[in-house]
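Visitor: Questions regarding the structure given below will be posed in turn.
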Protein chains: 2
Amino acid sequence: MRTYLDCIPCFFKQALKAARLAGANEHVQKEILDSLASEVPNFRLSSSPPEMGRIVYKLVREITGEEDPFKKVKDEYNKVALDIYPNLKEKVAHSKDRLLAAIRLALAGNVIDFGVDNPFNLEGEIEDVFEKDFAVFDYQEFREAVNSTKQILYLADNAGEVVFDRILIEELAKKVIYVVRDKPVINDALIEDAKFCGIDKIARIISNGCDVPGTVLSLCSTDFLSLYEKAKVIISKGQGNFEGLAGSDNAPIFFLFKAKCSVIANDIGCEVGDIVLKYNCK
Amino acid sequence: MRTYLDCIPCFFKQALKAARLAGANEHVQKEILDSLASEVPNFRLSSSPPEMGRIVYKLVREITGEEDPFKKVKDEYNKVALDIYPNLKEKVAHSKDRLLAAIRLALAGNVIDFGVDNPFNLEGEIEDVFEKDFAVFDYQEFREAVNSTKQILYLADNAGEVVFDRILIEELAKKVIYVVRDKPVINDALIEDAKFCGIDKIARIISNGCDVPGTVLSLCSTDFLSLYEKAKVIISKGQGNFEGLAGSDNAPIFFLFKAKCSVIANDIGCEVGDIVLKYNCK
């Protein structure tokens with residue numbers, strides 16, 4: 001997906017939020033915004049938002065010297081989500097359609113996102129997600145694809161959300177390769193988050209080789225790319241992965257995310273807050 | 001009031017909105033954001049937000065060649081407000097405290113603001129404003145000040161809102177000088193708006209001599225300044241005038257506005273959406 005001009009004010013907001021989380025004083029915060037401003041003329045709108053996002057968070061890291069400003073909130077939400085894991089399992093166990101219930105919970109977990117502007121209410125989301133209609137609902141294709149494959153490539157999104165992914169992976173009951181980011185960016189999940197949330201017990205964990213808040217193939221490692229190219233079914237969680245991959249090729253991807261800003265909602269023709277299960281090849 | 005770093009993303013949003021209203025294509029919109037980005041390192045946070053706002057809208061005017069991008073919405077809201085003027089008068093007539101009702105309506109009209117991020121619902125606001133508590137309510141001081149003066153300097157804010165100011169001016173029943181901006185900036189009221197809304201029948205209309213979306217004394221005309229310095233009672237409508245004047249001196253100003261963004265709400269210690277009648281000399 002291309003970047004829209006509306007993303008530019010949002011990049012400044014994100015830079016400011018990250019700078020504050022990194023403990024920067026107002027002088028350093030201003031220095032970060034000034035540096036970001038000097039990058040704006042170089043922004044190509046044909047690039048995807050995560051490519052720009054990478055620049056934003058790299059600036060914050062370089063200027064503050066803080067490698068992982070979101071470490072604390074990642075740890076916090078890993079714990080919060082693990083604490084409710086038994087309740088989530090219970091919800092699935094009592095559902096008529098267990099796979100769909102697990103998909104809905106994976107979507108609820110997608111609100112744990114410190115890159116977007118809106119605050120979130122995880123508990124409320126877990127309730128609401130069962131009442132919502134999908135804006136795009138390629139569920140039949142999803143079931144068929146999952147049933148006809150032995151292995152699934154699962155592109156992760158955020159820390160904490162990983163526990164919700166675990167619920168879905170357990171329902172898929174397939175061999176899964178779970179792909180996280182290589183280096184800290186926003187609250188995106190790293191190998192340590194995946195392990196902390198217990199993914200190592202049910203799937204193979206790898207990194208995609210980069211520090212982009214999304215999946216941008218041109219920046220990923222060759223190891224990841226060889227798995228990606230061979231994959232028969234890919235589940236892509238979250239906006240960042242959608243923004244990086246949508247429209248880029250015809251891989252057999254199921255995009256699973258909640259639309260969290262007007263730019264992405266306009267791009268796919270839904271409302272902010274809508275939930276989406278979208279097959280790339282349809 | 002000083003500018004906060006949170007204002008910077010907002011300036012980019014405002015530039016984009018104004019550029020689109022001016023009919024700029026995406027290429028020109030990007031040129032405007034690039035030019036604004038090049039100004040960011042020069043922004044002094046000790047300046048007030050309207051001083052920065054002036055730069056934003058000047059850029060849009062210069063690059064698009066469109067002198068008054070908000071002309072259409074100003075005309076529209078002047079008409080909308082004039083249409084409901086008889087109903088507003090009716091509301092005041094049926095109030096126990098006519099002056100307070102007129103103040104509340106003047107606050108309702110303050111939502112007609114195309115410089116802020118939130119959409120507004122004028123009809124809903126007119127209902128809600130009668131149910132709201134004031135976050136700051138220096139009403140007694142206001143009554144006393146109004147009763148003890150012959151002349152009031154009234155600093156206007158936006159087109160359309162002017163009709164709501166007219167309701168208040170009619171209740172004040174004093175000699176009023178109504179001060180508007182000299183040149184187009186956002187949807188701020190100009191002399192033509194004040195006349196269209198009938199202020200010329202009840203007050204003297206002057207411009208403050210500048211194109212700032214607020215009152216910044218260092219940029220105002222000497223004619224306005226001489227009236228300002230002699231004024232015994234000043235009513236300052238809206239955020240922009242507050243941002244420009246608050247803390248700058250001890251003039252006998254009553255700030256009357258709705259807090260429309262988190263920056264101003266944090267600055268005065270209230271919530272976004274709160275209504276304020278604040279005496280500067282208290």
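Chain labels follow the order of the structure tokens: the first chain is A, the next B, and so on; residue numbering restarts at 1 in every chain, and ligands are counted from 1 in their shown order.
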I'd like the superposed chain B, fitted onto chain A by least squares over all Cα atoms in order, as a short mmCIF file (atom, residue, chain, number, x, y, z; two decimals) with C-alpha atoms, in the first residue's frame.

Guide:
data_model
loop_
_atom_site.label_atom_id
_atom_site.label_comp_id
_atom_site.auth_asym_id
_atom_site.auth_seq_id
_atom_site.Cartn_x
_atom_site.Cartn_y
_atom_site.Cartn_z
CA MET B 1 0.01 0.00 -0.02
CA ARG B 2 1.26 3.48 -0.85
CA THR B 3 1.72 6.24 1.70
CA TYR B 4 -0.86 9.02 1.76
CA LEU B 5 -0.18 12.63 2.71
CA ASP B 6 -2.38 12.16 5.79
CA CYS B 7 0.33 9.81 7.09
CA ILE B 8 2.79 12.73 7.42
CA PRO B 9 1.13 14.45 10.42
CA CYS B 10 0.79 10.98 11.95
CA PHE B 11 4.55 10.33 11.58
CA PHE B 12 5.20 13.50 13.60
CA LYS B 13 2.77 12.31 16.29
CA GLN B 14 4.42 8.92 16.40
CA ALA B 15 7.90 10.46 16.64
CA LEU B 16 6.79 12.63 19.55
CA LYS B 17 5.17 9.72 21.38
CA ALA B 18 8.23 7.50 20.93
CA ALA B 19 10.58 10.32 21.95
CA ARG B 20 8.62 10.83 25.17
CA LEU B 21 8.56 7.11 25.91
CA ALA B 22 12.34 7.12 25.37
CA GLY B 23 12.58 9.73 28.12
CA ALA B 24 13.71 12.57 25.83
CA ASN B 25 13.34 16.08 27.26
CA GLU B 26 11.52 18.76 25.26
CA HIS B 27 14.74 20.01 23.68
CA VAL B 28 15.58 16.52 22.36
CA GLN B 29 11.95 15.96 21.31
CA LYS B 30 12.17 19.13 19.21
CA GLU B 31 15.48 17.95 17.71
CA ILE B 32 13.74 14.73 16.66
CA LEU B 33 10.82 16.60 15.05
CA ASP B 34 13.30 18.91 13.27
CA SER B 35 15.21 15.90 11.91
CA LEU B 36 11.99 14.25 10.81
CA ALA B 37 10.96 17.50 9.11
CA SER B 38 14.20 17.47 7.14
CA GLU B 39 13.28 13.97 5.88
CA VAL B 40 9.80 14.93 4.66
CA PRO B 41 10.90 16.24 1.23
CA ASN B 42 12.62 12.87 0.63
CA PHE B 43 9.47 10.87 1.39
CA ARG B 44 8.27 9.09 -1.72
CA LEU B 45 4.51 8.52 -1.56
CA SER B 46 4.96 5.38 -3.63
CA SER B 47 6.73 3.80 -0.65
CA SER B 48 4.60 2.05 1.95
CA PRO B 49 3.85 3.61 5.37
CA PRO B 50 6.04 1.07 7.24
CA GLU B 51 9.07 2.16 5.18
CA MET B 52 8.49 5.72 6.38
CA GLY B 53 7.74 4.44 9.89
CA ARG B 54 11.13 2.78 9.93
CA ILE B 55 12.79 6.17 9.33
CA VAL B 56 10.72 7.76 12.11
CA TYR B 57 11.68 5.20 14.76
CA LYS B 58 15.30 5.01 13.58
CA LEU B 59 15.58 8.76 14.15
CA VAL B 60 14.17 8.40 17.66
CA ARG B 61 16.61 5.58 18.46
CA GLU B 62 19.62 7.44 17.06
CA ILE B 63 18.88 10.79 18.70
CA THR B 64 17.79 9.49 22.11
CA GLY B 65 20.26 6.60 22.23
CA GLU B 66 17.36 4.49 23.53
CA GLU B 67 17.30 1.26 21.52
CA ASP B 68 13.85 0.09 22.58
CA PRO B 69 11.58 2.88 23.92
CA PHE B 70 8.56 0.55 23.95
CA LYS B 71 10.25 -2.26 25.92
CA LYS B 72 8.26 -1.51 29.08
CA VAL B 73 4.85 -1.49 27.38
CA LYS B 74 5.75 -4.62 25.45
CA ASP B 75 6.63 -6.47 28.66
CA GLU B 76 3.48 -5.13 30.32
CA TYR B 77 1.14 -6.31 27.56
CA ASN B 78 2.84 -9.69 27.23
CA LYS B 79 2.01 -10.23 30.90
CA VAL B 80 -1.52 -8.80 30.68
CA ALA B 81 -2.30 -11.07 27.73
CA LEU B 82 -0.75 -14.16 29.31
CA ASP B 83 -2.82 -13.55 32.43
CA ILE B 84 -6.04 -13.74 30.44
CA TYR B 85 -4.88 -16.61 28.21
CA PRO B 86 -6.94 -19.20 30.17
CA ASN B 87 -10.07 -17.03 29.79
CA LEU B 88 -9.45 -16.67 26.07
CA LYS B 89 -9.09 -20.47 25.72
CA GLU B 90 -12.36 -20.80 27.61
CA LYS B 91 -14.10 -18.47 25.18
CA VAL B 92 -12.92 -20.57 22.24
CA ALA B 93 -13.93 -23.80 23.98
CA HIS B 94 -17.48 -22.51 24.40
CA SER B 95 -17.86 -21.35 20.81
CA LYS B 96 -19.84 -23.10 18.13
CA ASP B 97 -17.19 -22.25 15.55
CA ARG B 98 -13.88 -22.54 17.38
CA LEU B 99 -11.75 -21.38 14.43
CA LEU B 100 -13.86 -18.27 13.92
CA ALA B 101 -13.78 -17.50 17.65
CA ALA B 102 -9.99 -17.77 17.57
CA ILE B 103 -9.85 -15.45 14.54
CA ARG B 104 -12.02 -12.93 16.39
CA LEU B 105 -9.75 -13.07 19.43
CA ALA B 106 -6.67 -12.65 17.23
CA LEU B 107 -8.36 -9.48 15.95
CA ALA B 108 -9.14 -8.28 19.48
CA GLY B 109 -5.43 -8.61 20.32
CA ASN B 110 -4.61 -6.45 17.32
CA VAL B 111 -5.66 -3.31 19.26
CA ILE B 112 -2.48 -3.52 21.37
CA ASP B 113 -0.77 -1.00 19.10
CA PHE B 114 1.31 1.96 20.29
CA GLY B 115 1.92 3.22 16.77
CA VAL B 116 -1.61 4.51 16.25
CA ASP B 117 -3.21 7.61 17.65
CA ASN B 118 -6.15 6.10 19.54
CA PRO B 119 -6.02 4.75 23.05
CA PHE B 120 -7.39 1.22 23.37
CA ASN B 121 -9.41 -0.82 25.81
CA LEU B 122 -8.36 -4.46 25.55
CA GLU B 123 -11.10 -5.88 27.79
CA GLY B 124 -13.83 -3.99 25.94
CA GLU B 125 -12.35 -5.11 22.63
CA ILE B 126 -12.48 -8.78 23.62
CA GLU B 127 -16.22 -8.41 24.31
CA ASP B 128 -16.99 -6.25 21.26
CA VAL B 129 -15.14 -8.39 18.75
CA PHE B 130 -17.72 -11.16 19.08
CA GLU B 131 -20.55 -8.78 18.18
CA LYS B 132 -18.91 -7.22 15.14
CA ASP B 133 -19.54 -7.87 11.50
CA PHE B 134 -16.47 -8.21 9.30
CA ALA B 135 -15.96 -5.46 6.68
CA VAL B 136 -14.22 -8.12 4.54
CA PHE B 137 -14.83 -11.76 5.43
CA ASP B 138 -13.02 -14.27 3.21
CA TYR B 139 -13.60 -16.97 5.78
CA GLN B 140 -14.55 -19.76 3.43
CA GLU B 141 -11.34 -19.28 1.44
CA PHE B 142 -9.45 -19.17 4.74
CA ARG B 143 -10.91 -22.47 5.98
CA GLU B 144 -10.25 -24.18 2.67
CA ALA B 145 -6.69 -22.86 2.45
CA VAL B 146 -5.91 -23.93 6.02
CA ASN B 147 -7.45 -27.37 5.50
CA SER B 148 -5.43 -28.00 2.35
CA THR B 149 -1.99 -27.08 3.67
CA LYS B 150 0.47 -28.64 6.05
CA GLN B 151 2.37 -25.50 6.93
CA ILE B 152 1.43 -21.87 7.54
CA LEU B 153 3.63 -18.80 7.60
CA TYR B 154 2.26 -16.46 10.27
CA LEU B 155 3.47 -12.85 10.15
CA ALA B 156 3.19 -11.45 13.67
CA ASP B 157 2.41 -7.89 14.66
CA ASN B 158 2.69 -6.67 18.25
CA ALA B 159 3.87 -7.85 21.66
CA GLY B 160 0.94 -8.91 23.85
CA GLU B 161 -1.06 -9.60 20.70
CA VAL B 162 1.21 -12.64 20.37
CA VAL B 163 -0.85 -14.44 23.05
CA PHE B 164 -3.97 -13.90 20.93
CA ASP B 165 -2.10 -15.26 17.92
CA ARG B 166 -1.20 -18.29 20.02
CA ILE B 167 -4.90 -18.98 20.52
CA LEU B 168 -5.42 -18.94 16.75
CA ILE B 169 -2.31 -21.02 16.05
CA GLU B 170 -3.51 -23.65 18.51
CA GLU B 171 -6.85 -23.85 16.69
CA LEU B 172 -5.19 -24.07 13.27
CA ALA B 173 -3.43 -27.25 14.43
CA LYS B 174 -0.88 -27.02 11.64
CA LYS B 175 2.87 -26.64 11.46
CA VAL B 176 3.39 -22.89 11.84
CA ILE B 177 6.38 -20.63 11.29
CA TYR B 178 5.86 -17.49 13.35
CA VAL B 179 7.67 -14.45 11.94
CA VAL B 180 8.59 -11.47 14.12
CA ARG B 181 10.71 -8.31 13.58
CA ASP B 182 14.47 -8.57 13.93
CA LYS B 183 15.02 -5.34 15.88
CA PRO B 184 12.86 -3.17 18.13
CA VAL B 185 10.38 -0.91 16.38
CA ILE B 186 7.30 0.49 18.15
CA ASN B 187 5.77 -2.33 20.23
CA ASP B 188 6.18 -4.88 17.44
CA ALA B 189 6.91 -8.40 18.64
CA LEU B 190 10.50 -9.69 18.71
CA ILE B 191 11.75 -13.25 19.23
CA GLU B 192 11.89 -12.64 23.02
CA ASP B 193 8.20 -11.63 23.04
CA ALA B 194 7.16 -14.67 21.05
CA LYS B 195 9.08 -16.93 23.45
CA PHE B 196 7.72 -15.18 26.54
CA CYS B 197 4.19 -15.73 25.24
CA GLY B 198 4.85 -19.43 24.68
CA ILE B 199 4.92 -19.54 20.87
CA ASP B 200 8.13 -21.61 20.99
CA LYS B 201 6.08 -24.51 22.39
CA ILE B 202 3.72 -24.60 19.40
CA ALA B 203 5.57 -23.13 16.43
CA ARG B 204 8.96 -22.33 14.99
CA ILE B 205 9.90 -18.69 15.57
CA ILE B 206 12.03 -16.72 13.10
CA SER B 207 12.73 -13.04 12.46
CA ASN B 208 12.12 -11.38 9.10
CA GLY B 209 15.54 -9.76 9.32
CA CYS B 210 14.56 -6.13 9.65
CA ASP B 211 13.38 -3.29 11.85
CA VAL B 212 10.38 -2.15 9.80
CA PRO B 213 6.97 -1.87 11.56
CA GLY B 214 5.47 -4.07 8.85
CA THR B 215 6.65 -6.53 6.22
CA VAL B 216 8.54 -4.82 3.39
CA LEU B 217 9.96 -7.60 1.24
CA SER B 218 12.85 -5.57 -0.20
CA LEU B 219 14.20 -5.11 3.33
CA CYS B 220 13.71 -8.68 4.61
CA SER B 221 16.40 -11.32 4.98
CA THR B 222 16.95 -13.93 2.26
CA ASP B 223 16.16 -16.66 4.82
CA PHE B 224 12.71 -15.18 5.40
CA LEU B 225 12.16 -14.50 1.69
CA SER B 226 12.82 -18.10 0.73
CA LEU B 227 10.16 -19.25 3.22
CA TYR B 228 7.78 -16.52 2.04
CA GLU B 229 8.14 -17.46 -1.61
CA LYS B 230 7.51 -21.15 -0.93
CA ALA B 231 4.58 -20.60 1.47
CA LYS B 232 1.22 -22.06 0.46
CA VAL B 233 -0.70 -20.12 3.11
CA ILE B 234 0.37 -16.90 4.82
CA ILE B 235 -1.48 -15.22 7.66
CA SER B 236 -0.55 -11.56 7.92
CA LYS B 237 -1.53 -9.87 11.19
CA GLY B 238 -2.07 -6.16 11.58
CA GLN B 239 -1.99 -2.94 9.58
CA GLY B 240 1.77 -2.73 9.23
CA ASN B 241 2.07 -6.07 7.46
CA PHE B 242 -0.93 -5.22 5.26
CA GLU B 243 0.54 -1.82 4.38
CA GLY B 244 3.82 -3.41 3.42
CA LEU B 245 2.43 -6.36 1.43
CA ALA B 246 -0.94 -5.37 -0.05
CA GLY B 247 -0.77 -4.92 -3.76
CA SER B 248 2.90 -5.87 -3.89
CA ASP B 249 2.41 -9.35 -5.27
CA ASN B 250 -0.02 -12.25 -5.49
CA ALA B 251 1.18 -14.33 -2.59
CA PRO B 252 -1.48 -16.52 -0.91
CA ILE B 253 -1.91 -14.15 2.02
CA PHE B 254 -4.83 -13.77 4.39
CA PHE B 255 -4.70 -10.29 5.90
CA LEU B 256 -6.18 -10.25 9.38
CA PHE B 257 -6.44 -6.83 11.02
CA LYS B 258 -8.52 -4.13 12.57
CA ALA B 259 -8.56 -0.88 10.54
CA LYS B 260 -7.14 1.58 13.01
CA CYS B 261 -6.83 4.80 11.02
CA SER B 262 -8.78 6.63 8.34
CA VAL B 263 -6.00 6.23 5.78
CA ILE B 264 -6.19 2.44 5.78
CA ALA B 265 -9.99 2.46 6.11
CA ASN B 266 -10.27 4.67 3.01
CA ASP B 267 -7.74 2.54 1.15
CA ILE B 268 -9.76 -0.66 1.56
CA GLY B 269 -13.19 0.99 1.64
CA CYS B 270 -14.28 0.35 5.21
CA GLU B 271 -14.75 2.32 8.44
CA VAL B 272 -12.19 2.95 11.17
CA GLY B 273 -12.64 0.20 13.76
CA ASP B 274 -13.82 -2.40 11.23
CA ILE B 275 -12.36 -5.90 11.30
CA VAL B 276 -11.01 -7.53 8.17
CA LEU B 277 -10.15 -11.04 6.99
CA LYS B 278 -9.07 -10.41 3.40
CA TYR B 279 -7.66 -12.87 0.92
CA ASN B 280 -4.97 -11.31 -1.25
CA CYS B 281 -5.71 -13.50 -4.28
CA LYS B 282 -9.40 -12.71 -4.55
#

Visitor: List every residue of segment 95-179 of chain A that DSSP, applied to the backbone of this structure, assigns to alpha helix (DSSP H), and report them as a count of residues only.

Guide: 40
